[in-house]
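This is upload_1.json (JSON, C-alpha atoms).
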[["chain", "number", "residue", "atom", "x", "y", "z"],
["V", 1, "MET", "CA", -111.39, -89.27, 88.91],
["V", 2, "MET", "CA", -113.78, -87.35, 86.65],
["V", 3, "LYS", "CA", -112.70, -83.89, 85.55],
["V", 4, "ILE", "CA", -114.71, -80.65, 85.47],
["V", 5, "LEU", "CA", -113.62, -77.43, 83.78],
["V", 6, "VAL", "CA", -114.85, -74.10, 85.15],
["V", 7, "SER", "CA", -114.53, -71.47, 82.41],
["V", 8, "THR", "CA", -113.65, -68.53, 84.64],
["V", 9, "ASN", "CA", -111.97, -67.79, 87.95],
["V", 10, "VAL", "CA", -114.12, -68.54, 91.02],
["V", 11, "PRO", "CA", -113.12, -68.76, 94.70],
["V", 12, "ALA", "CA", -111.64, -72.23, 95.13],
["V", 13, "GLU", "CA", -112.99, -72.53, 98.68],
["V", 14, "LEU", "CA", -116.54, -72.53, 97.29],
["V", 15, "LEU", "CA", -115.80, -75.79, 95.48],
["V", 16, "GLU", "CA", -114.08, -77.68, 98.29],
["V", 17, "MET", "CA", -117.18, -79.81, 98.85],
["V", 18, "TYR", "CA", -116.69, -81.41, 95.42],
["V", 19, "LYS", "CA", -113.41, -83.11, 96.35],
["V", 20, "ASP", "CA", -114.46, -86.35, 94.65],
["V", 21, "PHE", "CA", -113.90, -84.60, 91.31],
["V", 22, "GLU", "CA", -110.86, -82.98, 89.75],
["V", 23, "ILE", "CA", -111.84, -79.38, 89.11],
["V", 24, "THR", "CA", -109.85, -76.96, 86.95],
["V", 25, "ILE", "CA", -110.25, -73.28, 87.87],
["V", 26, "PRO", "CA", -108.38, -70.85, 85.58],
["V", 27, "ASP", "CA", -107.04, -67.51, 86.80],
["V", 28, "HIS", "CA", -109.01, -65.63, 84.15],
["V", 29, "ARG", "CA", -112.09, -66.07, 81.95],
["V", 30, "LEU", "CA", -111.33, -68.55, 79.19],
["V", 31, "THR", "CA", -112.26, -67.73, 75.61],
["V", 32, "TYR", "CA", -114.25, -70.05, 73.38],
["V", 33, "ASP", "CA", -111.08, -71.00, 71.52],
["V", 34, "ALA", "CA", -109.21, -71.73, 74.74],
["V", 35, "VAL", "CA", -111.99, -74.02, 75.97],
["V", 36, "SER", "CA", -112.19, -75.74, 72.59],
["V", 37, "GLU", "CA", -108.51, -76.61, 72.72],
["V", 38, "ILE", "CA", -108.80, -78.47, 76.03],
["V", 39, "ALA", "CA", -112.43, -79.66, 75.99],
["V", 40, "GLU", "CA", -111.50, -83.27, 75.26],
["V", 41, "GLN", "CA", -109.75, -83.51, 78.63],
["V", 42, "TYR", "CA", -112.97, -83.02, 80.61],
["V", 43, "ASP", "CA", -116.12, -84.89, 81.53],
["V", 44, "ALA", "CA", -118.09, -81.70, 82.24],
["V", 45, "ILE", "CA", -117.83, -77.95, 81.66],
["V", 46, "LEU", "CA", -119.33, -75.14, 83.70],
["V", 47, "GLY", "CA", -119.54, -72.13, 81.39],
["V", 48, "PHE", "CA", -120.05, -68.52, 82.35],
["V", 49, "GLY", "CA", -121.84, -67.17, 79.30],
["V", 50, "LEU", "CA", -119.63, -69.46, 77.22],
["V", 51, "ARG", "CA", -120.96, -70.33, 73.76],
["V", 52, "ILE", "CA", -121.24, -74.11, 73.71],
["V", 53, "ASN", "CA", -122.06, -75.11, 70.14],
["V", 54, "ASP", "CA", -121.85, -78.41, 68.29],
["V", 55, "THR", "CA", -118.25, -77.74, 67.25],
["V", 56, "LEU", "CA", -117.13, -77.40, 70.86],
["V", 57, "LEU", "CA", -119.21, -80.42, 71.89],
["V", 58, "GLU", "CA", -117.59, -82.48, 69.17],
["V", 59, "LYS", "CA", -114.14, -81.55, 70.45],
["V", 60, "GLY", "CA", -115.21, -82.49, 73.97],
["V", 61, "LYS", "CA", -115.51, -86.15, 73.04],
["V", 62, "ASN", "CA", -115.65, -87.22, 76.71],
["V", 63, "LEU", "CA", -118.25, -84.68, 77.81],
["V", 64, "LYS", "CA", -121.24, -86.01, 79.70],
["V", 65, "ALA", "CA", -122.64, -82.70, 80.96],
["V", 66, "VAL", "CA", -122.35, -78.96, 80.37],
["V", 67, "ALA", "CA", -123.81, -76.15, 82.46],
["V", 68, "ASN", "CA", -124.49, -72.47, 82.12],
["V", 69, "PHE", "CA", -124.08, -70.16, 85.09],
["V", 70, "GLY", "CA", -127.60, -68.75, 84.89],
["V", 71, "VAL", "CA", -131.23, -69.65, 84.38],
["V", 72, "GLY", "CA", -130.98, -69.02, 80.63],
["V", 73, "TYR", "CA", -129.16, -71.42, 78.34],
["V", 74, "ASP", "CA", -129.65, -69.97, 74.86],
["V", 75, "ASN", "CA", -125.84, -69.90, 74.54],
["V", 76, "ILE", "CA", -125.85, -73.72, 74.56],
["V", 77, "ASP", "CA", -126.92, -75.79, 71.55],
["V", 78, "VAL", "CA", -129.27, -78.05, 73.49],
["V", 79, "LYS", "CA", -130.32, -80.02, 70.41],
["V", 80, "ALA", "CA", -126.71, -80.83, 69.55],
["V", 81, "ALA", "CA", -125.94, -81.75, 73.16],
["V", 82, "THR", "CA", -128.94, -84.06, 73.31],
["V", 83, "ALA", "CA", -127.92, -85.77, 70.06],
["V", 84, "ARG", "CA", -124.55, -86.52, 71.67],
["V", 85, "GLY", "CA", -126.12, -87.72, 74.93],
["V", 86, "ILE", "CA", -124.83, -84.72, 76.88],
["V", 87, "ALA", "CA", -126.92, -83.29, 79.73],
["V", 88, "VAL", "CA", -127.46, -79.52, 79.82],
["V", 89, "VAL", "CA", -127.66, -78.00, 83.28],
["V", 90, "ASN", "CA", -128.80, -74.53, 84.38],
["V", 91, "THR", "CA", -129.47, -72.67, 87.65],
["V", 92, "PRO", "CA", -133.25, -72.11, 87.71],
["V", 93, "THR", "CA", -133.95, -71.56, 91.41],
["V", 94, "GLN", "CA", -131.13, -69.43, 92.78],
["V", 95, "VAL", "CA", -131.62, -66.27, 90.69],
["V", 96, "THR", "CA", -135.29, -65.73, 91.50],
["V", 97, "ASP", "CA", -135.26, -63.27, 94.40],
["V", 98, "ALA", "CA", -132.18, -61.35, 93.28],
["V", 99, "THR", "CA", -133.56, -60.88, 89.75],
["V", 100, "ALA", "CA", -136.97, -59.89, 91.08],
["V", 101, "GLU", "CA", -135.38, -57.34, 93.41],
["V", 102, "HIS", "CA", -133.34, -55.86, 90.58],
["V", 103, "THR", "CA", -136.44, -55.71, 88.40],
["V", 104, "ILE", "CA", -138.32, -53.77, 91.06],
["V", 105, "ALA", "CA", -135.33, -51.46, 91.47],
["V", 106, "LEU", "CA", -135.34, -50.76, 87.72],
["V", 107, "ILE", "CA", -139.12, -50.23, 87.68],
["V", 108, "VAL", "CA", -138.88, -47.64, 90.46],
["V", 109, "ALA", "CA", -135.71, -46.04, 89.08],
["V", 110, "THR", "CA", -137.23, -45.82, 85.60],
["V", 111, "MET", "CA", -140.66, -44.55, 86.57],
["V", 112, "ARG", "CA", -139.22, -42.03, 89.04],
["V", 113, "HIS", "CA", -136.24, -41.05, 86.82],
["V", 114, "ILE", "CA", -133.74, -41.80, 89.58],
["V", 115, "ALA", "CA", -130.68, -42.13, 87.33],
["V", 116, "LYS", "CA", -131.52, -38.94, 85.46],
["V", 117, "PHE", "CA", -131.99, -37.00, 88.68],
["V", 118, "ASP", "CA", -128.68, -38.34, 89.98],
["V", 119, "ARG", "CA", -126.90, -37.00, 86.89],
["V", 120, "GLU", "CA", -128.64, -33.63, 87.24],
["V", 121, "VAL", "CA", -127.77, -33.19, 90.91],
["V", 122, "ARG", "CA", -124.11, -33.86, 90.07],
["V", 123, "GLN", "CA", -124.39, -30.98, 87.59],
["V", 124, "ASN", "CA", -126.13, -28.72, 90.14],
["V", 125, "ILE", "CA", -129.38, -28.81, 88.16],
["V", 126, "TRP", "CA", -132.47, -28.37, 90.32],
["V", 127, "LYS", "CA", -135.96, -28.46, 88.80],
["V", 128, "PRO", "CA", -138.99, -26.38, 89.82],
["V", 129, "PRO", "CA", -141.54, -28.39, 91.82],
["V", 130, "PHE", "CA", -143.93, -28.89, 88.91],
["V", 131, "MET", "CA", -141.49, -29.99, 86.25],
["V", 132, "MET", "CA", -143.11, -33.28, 85.27],
["V", 133, "ASP", "CA", -140.00, -35.40, 84.62],
["V", 134, "GLY", "CA", -140.32, -37.40, 87.84],
["V", 135, "MET", "CA", -144.06, -37.32, 88.32],
["V", 136, "ALA", "CA", -144.92, -40.93, 87.41],
["V", 137, "SER", "CA", -146.42, -42.78, 90.36],
["V", 138, "VAL", "CA", -145.54, -46.39, 91.10],
["V", 139, "ASN", "CA", -148.35, -46.79, 93.62],
["V", 140, "GLY", "CA", -151.66, -47.30, 91.83],
["V", 141, "SER", "CA", -150.10, -47.95, 88.42],
["V", 142, "THR", "CA", -150.59, -51.14, 86.43],
["V", 143, "LEU", "CA", -147.66, -53.47, 85.92],
["V", 144, "GLY", "CA", -147.84, -55.87, 82.99],
["V", 145, "ILE", "CA", -145.69, -58.98, 83.49],
["V", 146, "VAL", "CA", -144.82, -60.93, 80.35],
["V", 147, "GLY", "CA", -143.79, -64.40, 81.51],
["V", 148, "PHE", "CA", -145.24, -65.70, 84.79],
["V", 149, "GLY", "CA", -142.71, -68.26, 85.95],
["V", 150, "ARG", "CA", -140.67, -68.18, 89.15],
["V", 151, "ILE", "CA", -139.25, -64.70, 88.59],
["V", 152, "GLY", "CA", -142.48, -63.24, 87.21],
["V", 153, "LYS", "CA", -144.36, -64.43, 90.28],
["V", 154, "ALA", "CA", -141.71, -63.00, 92.63],
["V", 155, "VAL", "CA", -141.88, -59.64, 90.81],
["V", 156, "CYS", "CA", -145.66, -59.75, 91.16],
["V", 157, "ARG", "CA", -145.49, -60.10, 94.94],
["V", 158, "LYS", "CA", -142.94, -57.31, 95.33],
["V", 159, "ALA", "CA", -144.81, -54.97, 92.97],
["V", 160, "GLN", "CA", -148.06, -55.49, 94.84],
["V", 161, "GLY", "CA", -146.19, -54.53, 98.01],
["V", 162, "LEU", "CA", -145.57, -51.16, 96.35],
["V", 163, "GLY", "CA", -149.27, -50.77, 95.59],
["V", 164, "MET", "CA", -149.12, -51.73, 91.91],
["V", 165, "ASN", "CA", -151.97, -53.51, 90.16],
["V", 166, "VAL", "CA", -150.62, -56.54, 88.29],
["V", 167, "ILE", "CA", -151.76, -58.13, 85.04],
["V", 168, "TYR", "CA", -149.85, -60.85, 83.25],
["V", 169, "TYR", "CA", -149.43, -62.71, 79.97],
["V", 170, "ASP", "CA", -147.82, -66.09, 79.52],
["V", 171, "PRO", "CA", -148.18, -68.50, 76.58],
["V", 172, "TYR", "CA", -149.00, -71.10, 79.23],
["V", 173, "ARG", "CA", -151.71, -69.55, 81.35],
["V", 174, "SER", "CA", -151.59, -70.30, 85.07],
["V", 175, "SER", "CA", -154.40, -72.15, 86.79],
["V", 176, "GLU", "CA", -157.33, -70.32, 88.30],
["V", 177, "GLU", "CA", -155.97, -71.24, 91.75],
["V", 178, "ILE", "CA", -152.59, -69.63, 91.01],
["V", 179, "GLU", "CA", -154.22, -66.48, 89.64],
["V", 180, "LYS", "CA", -156.34, -66.24, 92.77],
["V", 181, "GLU", "CA", -153.35, -66.90, 95.03],
["V", 182, "TYR", "CA", -151.33, -64.12, 93.40],
["V", 183, "GLY", "CA", -154.24, -61.74, 92.86],
["V", 184, "VAL", "CA", -153.47, -61.26, 89.18],
["V", 185, "THR", "CA", -155.51, -60.96, 86.01],
["V", 186, "TYR", "CA", -154.58, -62.80, 82.82],
["V", 187, "CYS", "CA", -154.58, -60.75, 79.62],
["V", 188, "GLY", "CA", -153.89, -61.49, 76.00],
["V", 189, "PHE", "CA", -150.53, -60.19, 74.81],
["V", 190, "GLU", "CA", -151.85, -57.14, 72.96],
["V", 191, "GLU", "CA", -154.33, -56.34, 75.73],
["V", 192, "LEU", "CA", -151.51, -56.28, 78.27],
["V", 193, "ILE", "CA", -149.30, -54.13, 76.06],
["V", 194, "ARG", "CA", -152.06, -51.57, 75.52],
["V", 195, "ASN", "CA", -153.12, -51.33, 79.18],
["V", 196, "ALA", "CA", -149.96, -51.54, 81.28],
["V", 197, "ASP", "CA", -148.29, -48.43, 82.68],
["V", 198, "CYS", "CA", -145.08, -50.46, 82.86],
["V", 199, "VAL", "CA", -144.23, -53.68, 81.01],
["V", 200, "THR", "CA", -141.60, -56.05, 82.42],
["V", 201, "LEU", "CA", -140.22, -59.15, 80.69],
["V", 202, "HIS", "CA", -139.61, -62.49, 82.44],
["V", 203, "LEU", "CA", -139.54, -65.16, 79.75],
["V", 204, "PRO", "CA", -136.72, -67.22, 78.27],
["V", 205, "TYR", "CA", -135.25, -66.40, 74.88],
["V", 206, "THR", "CA", -136.31, -68.73, 72.09],
["V", 207, "ALA", "CA", -136.28, -68.47, 68.30],
["V", 208, "GLU", "CA", -140.05, -67.93, 68.46],
["V", 209, "ASN", "CA", -139.85, -64.81, 70.64],
["V", 210, "HIS", "CA", -136.87, -63.22, 68.89],
["V", 211, "HIS", "CA", -137.73, -59.49, 68.62],
["V", 212, "LEU", "CA", -141.10, -60.11, 70.24],
["V", 213, "PHE", "CA", -140.82, -56.45, 71.22],
["V", 214, "GLY", "CA", -140.21, -54.34, 68.14],
["V", 215, "ALA", "CA", -141.43, -51.09, 66.65],
["V", 216, "GLU", "CA", -145.02, -52.28, 66.28],
["V", 217, "THR", "CA", -145.18, -53.53, 69.87],
["V", 218, "PHE", "CA", -143.83, -50.28, 71.28],
["V", 219, "ARG", "CA", -146.41, -48.32, 69.26],
["V", 220, "MET", "CA", -149.13, -50.36, 71.01],
["V", 221, "MET", "CA", -147.96, -49.15, 74.42],
["V", 222, "LYS", "CA", -149.27, -46.04, 76.11],
["V", 223, "PRO", "CA", -147.14, -42.99, 75.22],
["V", 224, "ASP", "CA", -146.45, -42.47, 78.95],
["V", 225, "ALA", "CA", -145.68, -46.15, 79.62],
["V", 226, "PHE", "CA", -142.36, -47.64, 80.71],
["V", 227, "PHE", "CA", -140.53, -50.79, 79.65],
["V", 228, "VAL", "CA", -138.20, -52.99, 81.74],
["V", 229, "ASN", "CA", -136.15, -55.99, 80.61],
["V", 230, "CYS", "CA", -134.24, -58.24, 83.00],
["V", 231, "ALA", "CA", -134.84, -61.36, 80.88],
["V", 232, "ARG", "CA", -132.87, -61.74, 77.64],
["V", 233, "GLY", "CA", -131.68, -59.04, 75.24],
["V", 234, "PRO", "CA", -132.66, -60.58, 71.86],
["V", 235, "ILE", "CA", -136.33, -60.68, 72.88],
["V", 236, "VAL", "CA", -136.18, -56.96, 72.11],
["V", 237, "ASP", "CA", -135.27, -55.21, 68.86],
["V", 238, "GLU", "CA", -132.77, -52.84, 70.47],
["V", 239, "GLU", "CA", -132.74, -50.45, 67.52],
["V", 240, "ALA", "CA", -136.54, -50.20, 67.62],
["V", 241, "LEU", "CA", -136.46, -49.60, 71.38],
["V", 242, "ALA", "CA", -133.92, -46.81, 71.00],
["V", 243, "ALA", "CA", -136.11, -45.21, 68.35],
["V", 244, "ALA", "CA", -139.22, -45.53, 70.55],
["V", 245, "LEU", "CA", -137.41, -43.82, 73.43],
["V", 246, "ARG", "CA", -135.87, -41.15, 71.21],
["V", 247, "ASP", "CA", -139.19, -40.32, 69.54],
["V", 248, "HIS", "CA", -141.14, -40.51, 72.83],
["V", 249, "VAL", "CA", -143.31, -43.37, 71.59],
["V", 250, "ILE", "CA", -142.89, -44.62, 75.16],
["V", 251, "ARG", "CA", -141.76, -42.62, 78.16],
["V", 252, "GLY", "CA", -138.80, -44.57, 79.45],
["V", 253, "ALA", "CA", -137.05, -47.89, 79.91],
["V", 254, "GLY", "CA", -134.87, -49.82, 82.34],
["V", 255, "LEU", "CA", -132.55, -52.47, 80.92],
["V", 256, "ASP", "CA", -130.26, -55.08, 82.43],
["V", 257, "VAL", "CA", -129.82, -57.15, 79.26],
["V", 258, "TYR", "CA", -128.98, -56.24, 75.67],
["V", 259, "GLU", "CA", -129.34, -57.69, 72.22],
["V", 260, "HIS", "CA", -125.60, -57.84, 71.50],
["V", 261, "GLU", "CA", -124.12, -57.66, 74.99],
["V", 262, "PRO", "CA", -121.67, -56.67, 76.23],
["V", 263, "LYS", "CA", -122.04, -54.22, 73.35],
["V", 264, "VAL", "CA", -124.80, -51.67, 73.96],
["V", 265, "SER", "CA", -126.04, -49.39, 71.20],
["V", 266, "GLU", "CA", -124.53, -45.91, 71.34],
["V", 267, "GLU", "CA", -127.97, -44.39, 70.83],
["V", 268, "LEU", "CA", -129.32, -46.09, 73.92],
["V", 269, "LYS", "CA", -126.36, -44.91, 75.97],
["V", 270, "ALA", "CA", -126.92, -41.34, 74.80],
["V", 271, "LEU", "CA", -130.58, -41.20, 75.83],
["V", 272, "ASP", "CA", -131.54, -39.76, 79.22],
["V", 273, "ASN", "CA", -134.85, -41.63, 79.52],
["V", 274, "VAL", "CA", -133.31, -45.08, 79.92],
["V", 275, "THR", "CA", -131.63, -46.62, 82.98],
["V", 276, "LEU", "CA", -128.90, -49.14, 82.15],
["V", 277, "THR", "CA", -127.30, -51.84, 84.31],
["V", 278, "PRO", "CA", -124.67, -54.43, 83.22],
["V", 279, "HIS", "CA", -126.59, -57.76, 83.31],
["V", 280, "ALA", "CA", -126.30, -57.59, 87.07],
["V", 281, "ALA", "CA", -129.76, -58.70, 88.21],
["V", 282, "SER", "CA", -128.39, -61.78, 89.98],
["V", 283, "ALA", "CA", -125.35, -59.94, 91.33],
["V", 284, "THR", "CA", -125.75, -60.58, 95.03],
["V", 285, "LYS", "CA", -123.29, -62.69, 96.99],
["V", 286, "LYS", "CA", -126.03, -65.04, 98.14],
["V", 287, "ALA", "CA", -127.39, -65.55, 94.65],
["V", 288, "ARG", "CA", -124.03, -66.04, 92.95],
["V", 289, "ILE", "CA", -122.87, -68.63, 95.51],
["V", 290, "GLY", "CA", -126.22, -70.39, 95.22],
["V", 291, "MET", "CA", -125.95, -70.41, 91.42],
["V", 292, "LEU", "CA", -122.44, -71.87, 91.56],
["V", 293, "HIS", "CA", -123.55, -74.68, 93.85],
["V", 294, "GLU", "CA", -126.72, -75.38, 91.86],
["V", 295, "ALA", "CA", -124.69, -75.69, 88.66],
["V", 296, "MET", "CA", -122.03, -77.85, 90.29],
["V", 297, "ASP", "CA", -124.62, -80.03, 92.03],
["V", 298, "GLY", "CA", -126.20, -80.60, 88.63],
["V", 299, "LEU", "CA", -122.93, -81.47, 86.90],
["V", 300, "THR", "CA", -121.62, -83.74, 89.66],
["V", 301, "GLY", "CA", -125.03, -85.37, 89.97],
["V", 302, "VAL", "CA", -125.04, -86.23, 86.28],
["V", 303, "LEU", "CA", -121.49, -87.58, 86.48],
["V", 304, "SER", "CA", -122.48, -89.69, 89.48],
["V", 305, "GLY", "CA", -125.49, -91.16, 87.70],
["V", 306, "LYS", "CA", -128.07, -89.39, 89.85],
["V", 307, "ASP", "CA", -131.45, -88.00, 88.82],
["V", 308, "VAL", "CA", -130.82, -84.25, 88.61],
["V", 309, "PRO", "CA", -133.74, -81.75, 88.65],
["V", 310, "ASN", "CA", -131.96, -78.97, 86.76],
["V", 311, "VAL", "CA", -131.13, -80.90, 83.59],
["V", 312, "VAL", "CA", -133.08, -78.96, 80.96],
["V", 313, "ASN", "CA", -133.01, -81.76, 78.36],
["V", 314, "HIS", "CA", -133.86, -84.57, 80.78],
["V", 315, "ARG", "CA", -136.95, -85.73, 78.88],
["V", 316, "GLU", "CA", -135.19, -85.62, 75.50],
["V", 317, "LEU", "CA", -132.26, -87.64, 76.81],
["V", 318, "ALA", "CA", -134.62, -90.22, 78.27],
["V", 319, "GLU", "CA", -136.33, -90.61, 74.89],
["V", 320, "ARG", "CA", -133.09, -91.25, 72.97]]
Would you give me this structure, written as structure tokens?
Amino acid sequence: MMKILVSTNVPAELLEMYKDFEITIPDHRLTYDAVSEIAEQYDAILGFGLRINDTLLEKGKNLKAVANFGVGYDNIDVKAATARGIAVVNTPTQVTDATAEHTIALIVATMRHIAKFDREVRQNIWKPPFMMDGMASVNGSTLGIVGFGRIGKAVCRKAQGLGMNVIYYDPYRSSEEIEKEYGVTYCGFEELIRNADCVTLHLPYTAENHHLFGAETFRMMKPDAFFVNCARGPIVDEEALAAALRDHVIRGAGLDVYEHEPKVSEELKALDNVTLTPHAASATKKARIGMLHEAMDGLTGVLSGKDVPNVVNHRELAER
């Protein structure tokens, strides 16, 4: 019987359907070192943010597949896995609605200063009616979406429901039919940055877009614009963002991901014009169960010799 290691504690009843496999569920989140020590015992590993590099893959000499619990997989060395004939699995479809909802929540909370007002009410601080802190309007504003994949499109629909005008940039422009279907306008990157009242990120992290948003990018934005990131932390130079918020280069930000998470810069945490959440965009019961099953379906499918849609290096493996 093939063996699968889950790197953190999950409800065992959610995995009962995979009875044809021997599944190890620890009672706590395993460290990288702990997984490395036992990797050779398993045919597949489901990691929860676990760094899966070539060293770990080498120790897992029987591995045929590894998965990340999430749509992103920058914590996995895909090139090294491919070289060893190991499939890399992710969960691309189950996070879409939950992440889009969280994005919209951060857009509204950031533009309307919800978190700041919450803190002030708790301190019995009440502002006169024309103090401008919460005067940004969501309705009628322009949302710039950077990355127009599944999540970007879902954010587009929800934002339009709030009366926002939507423009987008993606290195791979959508077809004219898709743009018409979603009622969006394509812009070049700098054009979007300069014209959006709020910019939201929905693209994967790659070496090419490391610090895509830095000091120069924030200076391109309107001084009363907002910035939201529910994608990946290293796309943003966190130090430059903190400086832009501190110096009022931009008006505010809403963040669910961080450059060095779970560590968050002390300067960001001290600012009152940023709303922070703990990488929780997919944190709904429905989404998390769906993600678990999508990851496990991918792993067990690979182990059973099936054609699996969520193997991110499928083409590369086929060309070996």
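Every protein, DNA or RNA residue with an atom at most 7 Å from region 28-40 of chain V, where only C-alpha atoms count and chain neighbours fewer than 3 positions away do not, is listed here: Ser7, Thr8, Asn9, Leu50, Arg51, Leu56, Lys59, Gly60, Lys61 and Asn62 of chain V.
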Across V:Lys153, V:Arg122, V:Lys269, V:Arg112, the smallest distance to Ser137 (chain V), with all atoms listed in the file counted, is shown by V:Arg112
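The coordinates place CA of Phe117 (chain V) at 24.9 Å from CA of Leu201 (chain V).
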Hey, what's within 7 Å of region 167-173 of chain V if we count only C-alpha atoms and toss same-chain stuff fewer than 3 positions away? As a tab-separated table (two decimals) with C-alpha atoms, in the coordinates of the input, please?
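The result, written out as out.tsv:
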chain	number	residue	atom	x	y	z
V	143	LEU	CA	-147.66	-53.47	85.92
V	144	GLY	CA	-147.84	-55.87	82.99
V	145	ILE	CA	-145.69	-58.98	83.49
V	146	VAL	CA	-144.82	-60.93	80.35
V	147	GLY	CA	-143.79	-64.40	81.51
V	148	PHE	CA	-145.24	-65.70	84.79
V	184	VAL	CA	-153.47	-61.26	89.18
V	185	THR	CA	-155.51	-60.96	86.01
V	186	TYR	CA	-154.58	-62.80	82.82
V	187	CYS	CA	-154.58	-60.75	79.62
V	188	GLY	CA	-153.89	-61.49	76.00
V	189	PHE	CA	-150.53	-60.19	74.81
V	192	LEU	CA	-151.51	-56.28	78.27
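Closest approach to Tyr73 (chain V) among V:Pro309, V:Gly49, V:Gly163, V:Gly140: V:Gly49, based on only C-alpha atoms.
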Applying 8 Å and all atoms listed in the file, which residues near Phe218 (chain V) remain after dropping the ones on its own chain fewer than 3 positions away? List them as a ChimeraX atom specification.
/V:213-215,221,241,244,249-250
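The space separating CA of Pro234 (chain V) from CA of Ser174 (chain V) comes to 25.0 Å.
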Work out where the centre of an axis-aligned box around every listed atom of region 133-143 of chain V lies and how long its edges are once 5 Å is added on each side; give both in Å to one decimal as AutoDock Vina command-line options.
--center_x -145.8 --center_y -44.4 --center_z 89.1 --size_x 21.7 --size_y 28.1 --size_z 19.0
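Reported to one decimal place, the separation of CA of Ala67 (chain V) from CA of Tyr42 (chain V) is 13.0 Å.
Counting all atoms listed in the file and comparing V:Glu239, V:Glu261, V:Asp197, V:Glu101, the residue that lies closest to Thr284 (chain V) is V:Glu101.
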Which residues come within 7 Å of Thr24 (chain V), counting all atoms listed in the file, excluding same-chain residues fewer than 2 positions away, as a PyMOL selection string?
chain V and resi 4-6+22+26
Kindly export the residues of the current selection with C-alpha atoms, as a short mmCIF file (atom, residue, chain, number, x, y, z; two decimals), in the frame of the given file.
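That gives us out.cif:
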data_model
loop_
_atom_site.label_atom_id
_atom_site.label_comp_id
_atom_site.auth_asym_id
_atom_site.auth_seq_id
_atom_site.Cartn_x
_atom_site.Cartn_y
_atom_site.Cartn_z
CA ILE V 4 -114.71 -80.65 85.47
CA LEU V 5 -113.62 -77.43 83.78
CA VAL V 6 -114.85 -74.10 85.15
CA GLU V 22 -110.86 -82.98 89.75
CA PRO V 26 -108.38 -70.85 85.58
#
Between V:Thr82, V:Ala243, V:Pro204, V:Val155, which one has atoms that come closest to Ala318 (chain V), using all atoms listed in the file?
V:Thr82
